[in-house]
>>> print(open('structure-v3.txt').read())   # compact mmCIF, C-alpha atoms
# COMPACT_ATOMS: atom_id res chain seq x y z
CA MET A 1 115.98 91.29 87.62
CA PRO A 2 114.46 92.97 90.70
CA VAL A 3 111.02 94.54 90.43
CA GLU A 4 109.83 97.90 91.68
CA PHE A 5 106.37 99.09 92.69
CA LEU A 6 105.01 102.57 92.04
CA GLY A 7 102.04 103.93 93.96
CA ILE A 8 100.25 107.27 93.93
CA ALA A 9 101.07 110.37 96.02
CA ALA A 10 97.53 111.76 95.96
CA THR A 11 97.01 115.08 97.73
CA ASN A 12 93.42 114.26 98.75
CA ASP A 13 91.20 111.20 99.20
CA GLY A 14 89.11 111.61 96.05
CA SER A 15 89.02 108.97 93.31
CA GLU A 16 86.83 107.87 90.41
CA THR A 17 84.53 106.18 92.93
CA THR A 18 84.52 108.70 95.79
CA PRO A 19 84.40 112.51 95.83
CA ARG A 20 87.11 114.07 97.96
CA SER A 21 86.14 114.94 101.49
CA GLY A 22 88.20 118.10 101.90
CA ALA A 23 90.59 120.47 100.18
CA SER A 24 92.45 119.56 97.00
CA PHE A 25 95.69 119.66 99.00
CA ASP A 26 95.15 117.95 102.32
CA LYS A 27 98.54 117.86 104.07
CA GLU A 28 97.57 115.27 106.66
CA TYR A 29 96.07 112.87 104.13
CA THR A 30 98.97 113.34 101.71
CA LEU A 31 101.47 112.36 104.41
CA ARG A 32 99.32 109.52 105.71
CA LEU A 33 98.98 107.97 102.26
CA ALA A 34 102.71 108.30 101.53
CA ARG A 35 103.60 106.71 104.88
CA ALA A 36 101.28 103.82 104.09
CA HIS A 37 103.26 103.22 100.91
CA GLU A 38 106.61 103.49 102.67
CA GLU A 39 105.56 101.12 105.45
CA HIS A 40 104.09 98.47 103.14
CA GLY A 41 106.85 97.73 100.68
CA TRP A 42 106.33 100.23 97.88
CA ASP A 43 109.41 101.72 96.22
CA ARG A 44 108.13 104.99 94.78
CA VAL A 45 105.06 107.20 94.50
CA LEU A 46 103.88 109.34 91.59
CA PHE A 47 103.10 113.03 91.99
CA ALA A 48 100.70 113.49 89.08
CA TYR A 49 100.09 116.69 87.13
CA GLY A 50 96.83 118.38 86.13
CA SER A 51 96.20 121.88 84.87
CA GLY A 52 94.20 122.89 87.93
CA SER A 53 95.67 120.50 90.49
CA PRO A 54 98.06 121.33 93.33
CA ASP A 55 101.63 121.84 92.13
CA PRO A 56 103.35 118.45 92.47
CA ALA A 57 106.89 119.80 93.06
CA PRO A 58 106.30 121.43 96.47
CA ALA A 59 104.07 118.49 97.42
CA ALA A 60 107.00 116.17 96.67
CA ALA A 61 109.34 118.37 98.69
CA TYR A 62 106.88 118.25 101.59
CA LEU A 63 106.95 114.44 101.63
CA ALA A 64 110.67 114.17 100.93
CA SER A 65 111.42 116.14 104.09
CA ARG A 66 109.25 113.80 106.20
CA LEU A 67 109.98 110.34 104.79
CA GLU A 68 113.34 108.60 104.68
CA ARG A 69 113.06 105.80 102.12
CA LEU A 70 110.21 106.36 99.68
CA GLN A 71 111.35 107.48 96.23
CA LEU A 72 109.61 110.21 94.25
CA LEU A 73 108.35 110.27 90.66
CA LEU A 74 107.52 113.85 89.74
CA ALA A 75 105.28 114.43 86.71
CA HIS A 76 106.11 117.56 84.72
CA ARG A 77 104.72 119.18 81.56
CA PRO A 78 107.31 121.10 79.52
CA ASN A 79 104.79 123.79 78.60
CA VAL A 80 104.55 125.13 82.15
CA SER A 81 108.14 126.30 82.71
CA TYR A 82 111.38 127.03 80.90
CA PRO A 83 113.89 124.14 81.04
CA THR A 84 116.50 126.24 82.87
CA PHE A 85 114.03 126.86 85.67
CA ALA A 86 112.77 123.27 85.72
CA ALA A 87 116.25 121.76 85.84
CA LYS A 88 117.05 123.82 88.96
CA THR A 89 113.74 122.82 90.56
CA PHE A 90 114.44 119.14 89.95
CA ALA A 91 118.03 119.38 91.18
CA THR A 92 116.88 121.16 94.34
CA LEU A 93 114.26 118.48 94.95
CA ASP A 94 116.85 115.75 94.43
CA ARG A 95 118.94 117.51 97.09
CA ILE A 96 116.01 117.74 99.50
CA SER A 97 115.20 114.05 98.98
CA GLU A 98 118.88 113.00 99.12
CA GLY A 99 118.83 111.46 95.68
CA ARG A 100 115.34 109.93 95.53
CA LEU A 101 113.94 111.79 92.51
CA THR A 102 112.86 110.56 89.07
CA VAL A 103 111.17 112.97 86.65
CA HIS A 104 108.29 111.89 84.43
CA PHE A 105 107.94 114.19 81.42
CA ILE A 106 104.40 114.54 80.03
CA THR A 107 104.02 115.73 76.44
CA GLY A 108 100.23 116.06 76.69
CA GLY A 109 97.69 114.22 74.59
CA ASN A 110 94.68 116.53 74.85
CA ASP A 111 94.62 119.92 73.13
CA HIS A 112 91.92 121.26 75.45
CA GLU A 113 93.82 120.34 78.62
CA GLN A 114 97.06 121.77 77.24
CA GLY A 115 95.27 124.94 76.20
CA ARG A 116 94.11 125.55 79.76
CA GLU A 117 97.67 126.66 80.51
CA GLY A 118 98.33 128.43 77.24
CA ASP A 119 99.86 125.58 75.22
CA THR A 120 98.73 125.89 71.59
CA LEU A 121 101.23 123.58 69.87
CA THR A 122 100.05 120.59 67.86
CA LYS A 123 100.71 117.08 69.15
CA ASP A 124 103.72 116.52 66.87
CA GLU A 125 105.13 119.92 67.84
CA ARG A 126 104.70 119.03 71.51
CA TYR A 127 106.71 115.83 71.09
CA ALA A 128 109.52 117.73 69.36
CA ARG A 129 109.48 120.27 72.18
CA THR A 130 109.59 117.53 74.83
CA ARG A 131 112.64 115.91 73.24
CA GLU A 132 114.46 119.22 73.17
CA TYR A 133 113.36 120.01 76.73
CA ILE A 134 114.63 116.70 78.13
CA ARG A 135 117.99 117.11 76.40
CA VAL A 136 118.39 120.62 77.81
CA VAL A 137 117.48 119.50 81.33
CA LYS A 138 119.94 116.60 81.17
CA LYS A 139 122.69 118.96 80.00
CA ILE A 140 122.00 121.46 82.79
CA TRP A 141 122.15 118.65 85.35
CA THR A 142 125.58 117.52 84.13
CA THR A 143 127.32 120.67 82.85
CA HIS A 144 129.39 122.82 85.20
CA GLU A 145 130.43 125.44 82.66
CA PRO A 146 128.18 128.14 81.10
CA PHE A 147 126.72 127.17 77.73
CA ASP A 148 124.43 128.53 75.02
CA HIS A 149 121.45 126.78 73.50
CA GLU A 150 119.83 127.59 70.16
CA GLY A 151 116.99 125.17 69.55
CA GLU A 152 113.64 125.06 67.82
CA HIS A 153 111.72 125.83 71.00
CA TYR A 154 114.28 127.20 73.48
CA ARG A 155 117.09 129.72 73.27
CA PHE A 156 119.34 130.99 76.04
CA HIS A 157 122.93 132.12 76.50
CA ASP A 158 125.71 131.73 79.04
CA PHE A 159 123.66 129.63 81.48
CA VAL A 160 125.04 127.43 84.23
CA SER A 161 123.20 126.17 87.27
CA ASP A 162 124.58 126.45 90.78
CA VAL A 163 122.57 123.49 92.08
CA PHE A 164 123.22 119.93 90.92
CA PRO A 165 121.47 116.66 91.71
CA VAL A 166 122.74 114.26 94.34
CA GLN A 167 122.37 111.41 91.86
CA GLN A 168 125.25 111.02 89.47
CA PRO A 169 125.45 111.57 86.65
CA ARG A 170 121.80 112.67 86.91
CA PRO A 171 118.29 111.62 88.03
CA LYS A 172 116.42 109.15 85.85
CA VAL A 173 113.97 110.32 83.19
CA SER A 174 110.57 108.67 82.75
CA PHE A 175 108.33 109.04 79.69
CA GLY A 176 105.07 107.57 78.41
CA GLY A 177 102.83 107.31 75.38
CA SER A 178 101.45 104.86 72.85
CA SER A 179 101.86 106.64 69.50
CA PRO A 180 104.77 106.33 67.04
CA ALA A 181 105.84 109.87 68.00
CA ALA A 182 105.88 108.85 71.67
CA TYR A 183 107.90 105.71 71.00
CA ALA A 184 110.42 107.77 69.02
CA ALA A 185 110.82 110.44 71.71
CA GLY A 186 110.82 108.11 74.70
CA GLY A 187 112.92 105.50 72.97
CA ALA A 188 115.57 108.14 72.38
CA GLU A 189 115.53 109.90 75.76
CA ALA A 190 113.87 107.86 78.51
CA ASP A 191 115.46 105.71 81.19
CA ILE A 192 111.98 104.38 82.03
CA TYR A 193 109.17 103.96 79.50
CA SER A 194 105.67 103.95 81.00
CA LEU A 195 102.72 102.09 79.50
CA TRP A 196 99.11 101.68 80.55
CA GLY A 197 97.98 98.14 81.25
CA GLU A 198 96.90 96.32 78.10
CA PRO A 199 96.57 92.63 77.20
CA LEU A 200 99.85 90.72 77.17
CA GLU A 201 100.08 90.46 73.40
CA ARG A 202 99.58 94.19 72.88
CA THR A 203 102.00 95.03 75.68
CA ALA A 204 104.65 92.87 74.06
CA GLU A 205 104.13 94.76 70.80
CA GLN A 206 104.55 98.09 72.57
CA ILE A 207 107.72 96.95 74.33
CA GLU A 208 109.18 95.92 70.99
CA ALA A 209 108.25 99.31 69.51
CA VAL A 210 110.05 101.11 72.36
CA ARG A 211 113.13 98.96 71.98
CA ALA A 212 113.17 99.46 68.23
CA ALA A 213 112.93 103.22 68.72
CA ALA A 214 115.84 103.15 71.17
CA LYS A 215 117.93 101.23 68.66
CA ALA A 216 116.96 103.63 65.85
CA ALA A 217 118.10 106.52 68.06
CA GLY A 218 121.54 104.93 68.31
CA ARG A 219 121.24 103.72 71.90
CA THR A 220 123.09 100.61 73.03
CA ASP A 221 120.79 100.24 76.04
CA VAL A 222 116.99 100.17 76.25
CA PRO A 223 114.54 101.89 78.64
CA ARG A 224 113.17 99.95 81.56
CA ILE A 225 109.47 99.20 81.09
CA GLN A 226 106.76 100.25 83.53
CA VAL A 227 103.12 99.15 83.21
CA ALA A 228 100.17 100.59 85.16
CA PHE A 229 97.06 98.83 86.48
CA ARG A 230 94.14 99.36 88.85
CA PRO A 231 94.20 96.27 91.12
CA ILE A 232 90.95 95.03 92.64
CA ILE A 233 91.73 92.27 95.16
CA ALA A 234 89.80 90.25 97.73
CA PRO A 235 90.29 87.00 99.68
CA THR A 236 88.38 84.91 97.09
CA GLU A 237 87.78 85.19 93.36
CA GLU A 238 84.04 85.55 93.94
CA LEU A 239 84.51 88.42 96.39
CA ALA A 240 87.02 90.10 94.08
CA TRP A 241 84.58 90.09 91.18
CA GLU A 242 81.76 91.34 93.40
CA LYS A 243 84.07 94.18 94.46
CA ALA A 244 84.93 94.85 90.82
CA ARG A 245 81.28 95.16 89.84
CA ARG A 246 80.63 97.49 92.77
CA THR A 247 83.59 99.58 91.68
CA VAL A 248 82.28 100.05 88.16
CA GLY A 249 78.86 100.89 89.56
CA ALA A 250 80.41 103.57 91.75
CA ILE A 251 82.38 105.01 88.81
CA ARG A 252 79.21 105.27 86.74
CA GLU A 253 77.19 106.70 89.62
CA LEU A 254 79.78 109.38 90.34
CA GLY A 255 79.93 110.26 86.67
CA ALA A 256 76.16 110.47 86.40
CA ALA A 257 76.08 112.79 89.39
CA GLY A 258 78.42 115.14 87.57
CA LEU A 259 81.18 114.74 90.13
CA LYS A 260 83.96 113.56 87.84
CA ARG A 261 87.20 115.46 87.82
CA ARG A 262 87.15 118.31 85.38
CA HIS A 263 87.98 117.01 81.94
CA ARG A 264 86.34 116.79 78.57
CA THR A 265 84.11 113.76 78.08
CA ASP A 266 84.18 113.62 74.28
CA ALA A 267 86.32 111.12 72.36
CA PRO A 268 89.92 111.18 73.63
CA GLN A 269 92.65 112.57 71.39
CA ASN A 270 95.55 110.65 72.88
CA THR A 271 96.47 107.29 71.38
CA GLY A 272 96.75 105.56 74.75
CA SER A 273 93.12 106.23 75.69
CA GLN A 274 91.96 105.34 72.18
CA ARG A 275 93.72 102.01 72.55
CA LEU A 276 92.08 101.35 75.92
CA ILE A 277 88.63 102.05 74.51
CA ALA A 278 89.23 99.80 71.50
CA ILE A 279 90.44 96.99 73.74
CA ALA A 280 87.36 97.38 75.97
CA GLU A 281 85.06 97.31 72.95
CA ALA A 282 86.70 94.10 71.74
CA GLY A 283 86.32 92.29 75.06
CA GLU A 284 85.88 92.67 78.79
CA ARG A 285 88.35 90.05 80.08
CA TYR A 286 91.83 89.19 78.84
CA ASP A 287 94.59 86.85 79.88
CA ARG A 288 94.72 85.84 83.54
CA ALA A 289 93.02 88.79 85.26
CA LEU A 290 92.84 91.90 83.04
CA TRP A 291 89.40 93.55 83.12
CA THR A 292 88.49 96.45 80.85
CA ALA A 293 85.13 97.51 82.30
CA THR A 294 86.78 100.14 84.49
CA ALA A 295 88.46 101.69 81.44
CA ALA A 296 85.16 101.64 79.54
CA ALA A 297 83.37 103.34 82.44
CA THR A 298 85.90 106.20 82.50
CA GLY A 299 86.14 106.63 78.73
CA GLY A 300 89.69 105.31 78.69
CA ALA A 301 90.87 107.97 81.10
CA GLY A 302 94.49 107.36 82.02
CA ASN A 303 95.51 104.29 83.95
CA SER A 304 92.14 102.56 84.09
CA ASN A 305 92.37 98.84 83.20
CA ALA A 306 92.00 96.61 86.25
CA LEU A 307 93.54 93.37 87.45
CA VAL A 308 90.87 91.44 89.36
CA GLY A 309 91.24 88.45 91.67
CA THR A 310 92.82 87.15 94.83
CA PRO A 311 96.28 88.43 95.76
CA GLU A 312 97.70 85.22 94.32
CA THR A 313 95.90 85.69 91.00
CA VAL A 314 96.91 89.33 90.68
CA ALA A 315 100.51 88.52 91.61
CA GLN A 316 100.66 85.83 88.93
CA ALA A 317 99.15 88.25 86.41
CA LEU A 318 101.90 90.76 87.19
CA LEU A 319 104.49 88.02 86.77
CA ASP A 320 103.10 87.35 83.28
CA TYR A 321 104.07 90.94 82.43
CA TYR A 322 107.40 90.50 84.18
CA ASP A 323 108.09 87.64 81.78
CA LEU A 324 107.61 90.10 78.91
CA GLY A 325 110.32 92.39 80.31
CA VAL A 326 108.31 94.66 82.64
CA ASP A 327 110.16 95.37 85.89
CA ILE A 328 108.25 98.38 87.28
CA PHE A 329 104.58 98.00 88.22
CA SER A 330 102.39 101.02 88.81
CA ALA A 331 99.32 100.15 90.86
CA ARG A 332 96.57 102.34 92.28
CA GLY A 333 93.33 101.18 93.83
CA TYR A 334 90.06 103.07 94.08
CA ASP A 335 90.18 103.40 97.85
CA LEU A 336 93.62 105.00 97.73
CA LEU A 337 94.73 104.39 101.31
CA ASP A 338 93.23 101.00 102.13
CA ASP A 339 94.05 99.56 98.71
CA ALA A 340 97.67 100.73 98.97
CA ILE A 341 97.96 98.94 102.31
CA ASP A 342 96.28 95.74 101.08
CA PHE A 343 98.30 95.59 97.87
CA GLY A 344 101.49 96.17 99.85
CA ARG A 345 100.63 93.48 102.38
CA TYR A 346 99.28 90.78 100.13
CA VAL A 347 100.52 91.23 96.53
CA ILE A 348 103.95 92.87 96.62
CA PRO A 349 105.56 90.15 98.81
CA LEU A 350 104.28 87.39 96.51
CA VAL A 351 105.74 89.04 93.43
CA ARG A 352 109.05 89.84 95.09
CA GLU A 353 109.40 86.30 96.43
CA GLU A 354 108.75 84.74 93.03
CA VAL A 355 111.12 87.11 91.24
CA ALA A 356 113.85 86.50 93.83
CA GLY A 357 113.41 82.75 93.39
CA ARG A 358 113.70 83.02 89.62
CA ASP A 359 116.79 85.22 89.89
CA ALA A 360 118.40 82.79 92.33
CA GLY A 361 117.64 79.92 89.99
CA ARG A 362 119.25 81.71 87.07
CA ALA A 363 122.31 82.59 89.17
CA ALA A 364 122.65 78.99 90.32
CA GLY A 365 122.33 77.80 86.75
CA GLY A 366 125.03 80.21 85.67
CA SER A 367 127.32 79.05 88.48
CA ARG A 368 126.82 75.43 87.51
CA SER A 369 127.61 76.25 83.91
CA LEU A 370 130.83 78.01 84.92
CA ALA A 371 131.78 75.10 87.14
CA ALA A 372 131.20 72.70 84.28
CA VAL A 373 133.44 74.80 82.04
CA GLY A 374 136.14 74.75 84.73
CA GLU A 375 135.96 70.99 84.92
>>> encode(input="structure-v3.txt", output="structure tokens")
Amino acid sequence: MPVEFLGIAATNDGSETTPRSGASFDKEYTLRLARAHEEHGWDRVLFAYGSGSPDPAPAAAYLASRLERLQLLLAHRPNVSYPTFAAKTFATLDRISEGRLTVHFITGGNDHEQGREGDTLTKDERYARTREYIRVVKKIWTTHEPFDHEGEHYRFHDFVSDVFPVQQPRPKVSFGGSSPAAYAAGGAEADIYSLWGEPLERTAEQIEAVRAAAKAAGRTDVPRIQVAFRPIIAPTEELAWEKARRTVGAIRELGAAGLKRRHRTDAPQNTGSQRLIAIAEAGERYDRALWTATAAATGGAGNSNALVGTPETVAQALLDYYDLGVDIFSARGYDLLDDAIDFGRYVIPLVREEVAGRDAGRAAGGSRSLAAVGE
């Protein structure tokens, strides 16, 4: 099965190791970074969401009107807009991008962050709301006659949109989380299920949980699996590990200087971050190249486990996850622009070549089997 690579559509040059040099929305940098992804083999970029960050939807529209191939993954929190409004926004963006949109729905794992924009629901209530929200959005995308909706969280009457997506029957839906409630919601509704990078054994367990949830929801298909890492690559193993240690030092230094992005630093509420911290406490290195020191330094904040090594080592590590059933890799370095270029030049081609070889081998094996049957 082909693989896809997801990068980041950052709107400024700041990261966990470097404070941004200008405004939170820097048009020139945003376009430069996206072009670097498009020109170096990436398939899609993520427009992330934060309570005080630039709105990702117009940022995505800005890039969609200037780039021809790069696909867009738009993060969206259901608490910030009514589903009727959101569905029209997404459909319009799919039109602007000529069918290049996927929407990533974020339930929200931190009460404080959700509360910044007036969301006071409990975690379980948020998951129930997200499931209802996704179903409403899907229906709006595919229904050409007015309809009513009477749900637990949303009620409206006689609504029909006048803008529909280019993609038929609809754009893909992405979802993430590591709790039973997340598996249940995403297993039922998602086309793509997103996980943070964990050791192979734990990732396999999560994939099985997602597939079981999809089956329990009555689906005959299963979501595609996406896993996210922070690659740290260099020409030799020694140089890669020196770079990794410098990276953690920079993360700690920036944190000590009080320059971290605005978020609470107490124990995380979301299961995904709790898992990352527990994994880091149990060990620093796992499998072929997984390194947890970056996650430990950030308190398990988001996508924070690294893959460290030469391009060949990191490519083989990704292929280990591919063997588990992962076919979308999210990767974001700490120097956003240069790391996107290096990863695109040196890692993506290795992974694609190996996957293509495996697929060709399977196809040839199937052809031989059919020929043998014919004989």
>>> closest_atom_pairs(input="structure-v3.txt", of="region 126-244 of chain A", to="region 306-316 of chain A", cutoff="9 Å", atoms="only C-alpha atoms", output="Markdown table")
| residue | atom | partner | partner_atom | distance |
| --- | --- | --- | --- | --- |
| A:Gly197 | CA | A:Ala306 | CA | 7.9 |
| A:Phe229 | CA | A:Ala306 | CA | 5.5 |
| A:Arg230 | CA | A:Ala306 | CA | 4.3 |
| A:Pro231 | CA | A:Leu307 | CA | 4.7 |
| A:Ile232 | CA | A:Val308 | CA | 4.9 |
| A:Ile233 | CA | A:Gly309 | CA | 5.2 |
| A:Ala234 | CA | A:Thr310 | CA | 5.2 |
| A:Pro235 | CA | A:Thr310 | CA | 5.5 |
| A:Thr236 | CA | A:Thr310 | CA | 5.5 |
| A:Glu237 | CA | A:Gly309 | CA | 5.0 |
| A:Glu238 | CA | A:Gly309 | CA | 8.1 |
| A:Leu239 | CA | A:Gly309 | CA | 8.2 |
| A:Ala240 | CA | A:Gly309 | CA | 5.1 |
| A:Trp241 | CA | A:Val308 | CA | 6.7 |
| A:Lys243 | CA | A:Val308 | CA | 8.9 |
| A:Ala244 | CA | A:Val308 | CA | 7.0 |
>>> atom_distance(input="structure-v3.txt", atom1="CA of Arg211 (chain A)", atom2="CA of Gly325 (chain A)")
11.0 Å
>>> closest_residue(input="structure-v3.txt", among="A:Ala87, A:Leu254, A:Ala188, A:Ala360", to="Lys215 (chain A)", atoms="all atoms listed in the file")
A:Ala188
>>> residues_around(input="structure-v3.txt", residues="Asp148 (chain A)", least_positions_apart="3", cutoff="10 Å", atoms="all atoms listed in the file", output="short mmCIF file (atom, residue, chain, number, x, y, z; two decimals) with C-alpha atoms, keeping the file's coordinate frame")
data_model
loop_
_atom_site.label_atom_id
_atom_site.label_comp_id
_atom_site.auth_asym_id
_atom_site.auth_seq_id
_atom_site.Cartn_x
_atom_site.Cartn_y
_atom_site.Cartn_z
CA GLY A 151 116.99 125.17 69.55
CA ARG A 155 117.09 129.72 73.27
CA PHE A 156 119.34 130.99 76.04
CA HIS A 157 122.93 132.12 76.50
CA ASP A 158 125.71 131.73 79.04
CA PHE A 159 123.66 129.63 81.48
CA VAL A 160 125.04 127.43 84.23
#
>>> atom_distance(input="structure-v3.txt", atom1="CA of Asn270 (chain A)", atom2="CA of Asn110 (chain A)")
6.3 Å
>>> atom_distance(input="structure-v3.txt", atom1="CA of Thr120 (chain A)", atom2="CA of His153 (chain A)")
13.0 Å
>>> closest_residue(input="structure-v3.txt", among="A:Arg275, A:Lys123, A:His149, A:Arg345", to="His37 (chain A)", atoms="only C-alpha atoms")
A:Arg345
>>> residues_near_point(input="structure-v3.txt", point="(109.8, 129.9, 77.7)", cutoff="10 Å", atoms="all atoms listed in the file", output="list in words")
Pro78, Asn79, Val80, Ser81, Tyr82, Pro83, Thr84, Phe85, His153, Tyr154, Arg155 and Phe156 of chain A
>>> write_last_selection(input="structure-v3.txt", atoms="C-alpha atoms", output="compact mmCIF listing (two decimals), in the coordinates of the input")
# COMPACT_ATOMS: atom_id res chain seq x y z
CA PRO A 78 107.31 121.10 79.52
CA ASN A 79 104.79 123.79 78.60
CA VAL A 80 104.55 125.13 82.15
CA SER A 81 108.14 126.30 82.71
CA TYR A 82 111.38 127.03 80.90
CA PRO A 83 113.89 124.14 81.04
CA THR A 84 116.50 126.24 82.87
CA PHE A 85 114.03 126.86 85.67
CA HIS A 153 111.72 125.83 71.00
CA TYR A 154 114.28 127.20 73.48
CA ARG A 155 117.09 129.72 73.27
CA PHE A 156 119.34 130.99 76.04
>>> closest_residue(input="structure-v3.txt", among="A:Val166, A:Thr247, A:Gly333, A:Tyr133", to="Glu152 (chain A)", atoms="only C-alpha atoms")
A:Tyr133
>>> residues_near_point(input="structure-v3.txt", point="(115.2, 111.8, 93.4)", cutoff="10 Å", atoms="all atoms listed in the file", output="CSV table (one decimal) with C-alpha atoms, keeping the file's coordinate frame")
chain,number,residue,atom,x,y,z
A,44,ARG,CA,108.1,105.0,94.8
A,60,ALA,CA,107.0,116.2,96.7
A,64,ALA,CA,110.7,114.2,100.9
A,70,LEU,CA,110.2,106.4,99.7
A,71,GLN,CA,111.4,107.5,96.2
A,72,LEU,CA,109.6,110.2,94.2
A,73,LEU,CA,108.4,110.3,90.7
A,74,LEU,CA,107.5,113.8,89.7
A,90,PHE,CA,114.4,119.1,90.0
A,91,ALA,CA,118.0,119.4,91.2
A,92,THR,CA,116.9,121.2,94.3
A,93,LEU,CA,114.3,118.5,95.0
A,94,ASP,CA,116.8,115.8,94.4
A,95,ARG,CA,118.9,117.5,97.1
A,96,ILE,CA,116.0,117.7,99.5
A,97,SER,CA,115.2,114.0,99.0
A,98,GLU,CA,118.9,113.0,99.1
A,99,GLY,CA,118.8,111.5,95.7
A,100,ARG,CA,115.3,109.9,95.5
A,101,LEU,CA,113.9,111.8,92.5
A,102,THR,CA,112.9,110.6,89.1
A,103,VAL,CA,111.2,113.0,86.6
A,165,PRO,CA,121.5,116.7,91.7
A,166,VAL,CA,122.7,114.3,94.3
A,167,GLN,CA,122.4,111.4,91.9
A,170,ARG,CA,121.8,112.7,86.9
A,171,PRO,CA,118.3,111.6,88.0
A,172,LYS,CA,116.4,109.2,85.8
>>> closest_residue(input="structure-v3.txt", among="A:Ile134, A:Ala296, A:Ala204, A:Ala23", to="Asp191 (chain A)", atoms="all atoms listed in the file")
A:Ile134
>>> residues_around(input="structure-v3.txt", residues="His76 (chain A)", least_positions_apart="5", cutoff="12 Å", atoms="only C-alpha atoms", output="VMD selection string")
chain A and resid 46 to 51 55 to 57 81 to 83 86 to 87 89 to 90 102 to 108 130 133 to 134 173 to 176
>>> closest_residue(input="structure-v3.txt", among="A:Leu63, A:Thr30, A:Trp141, A:Ile8", to="Asp43 (chain A)", atoms="all atoms listed in the file")
A:Ile8
>>> closest_residue(input="structure-v3.txt", among="A:Tyr346, A:Tyr29, A:Phe329, A:Tyr321", to="Thr203 (chain A)", atoms="all atoms listed in the file")
A:Tyr321
>>> residues_around(input="structure-v3.txt", residues="Tyr193 (chain A)", least_positions_apart="5", cutoff="9 Å", atoms="only C-alpha atoms", output="list in words")
Val173, Ser174, Phe175, Gly176, Gly177, Tyr183, Gly186, Gly187, Ile207, Val210, Pro223, Arg224, Ile225, Gln226 and Val227 of chain A
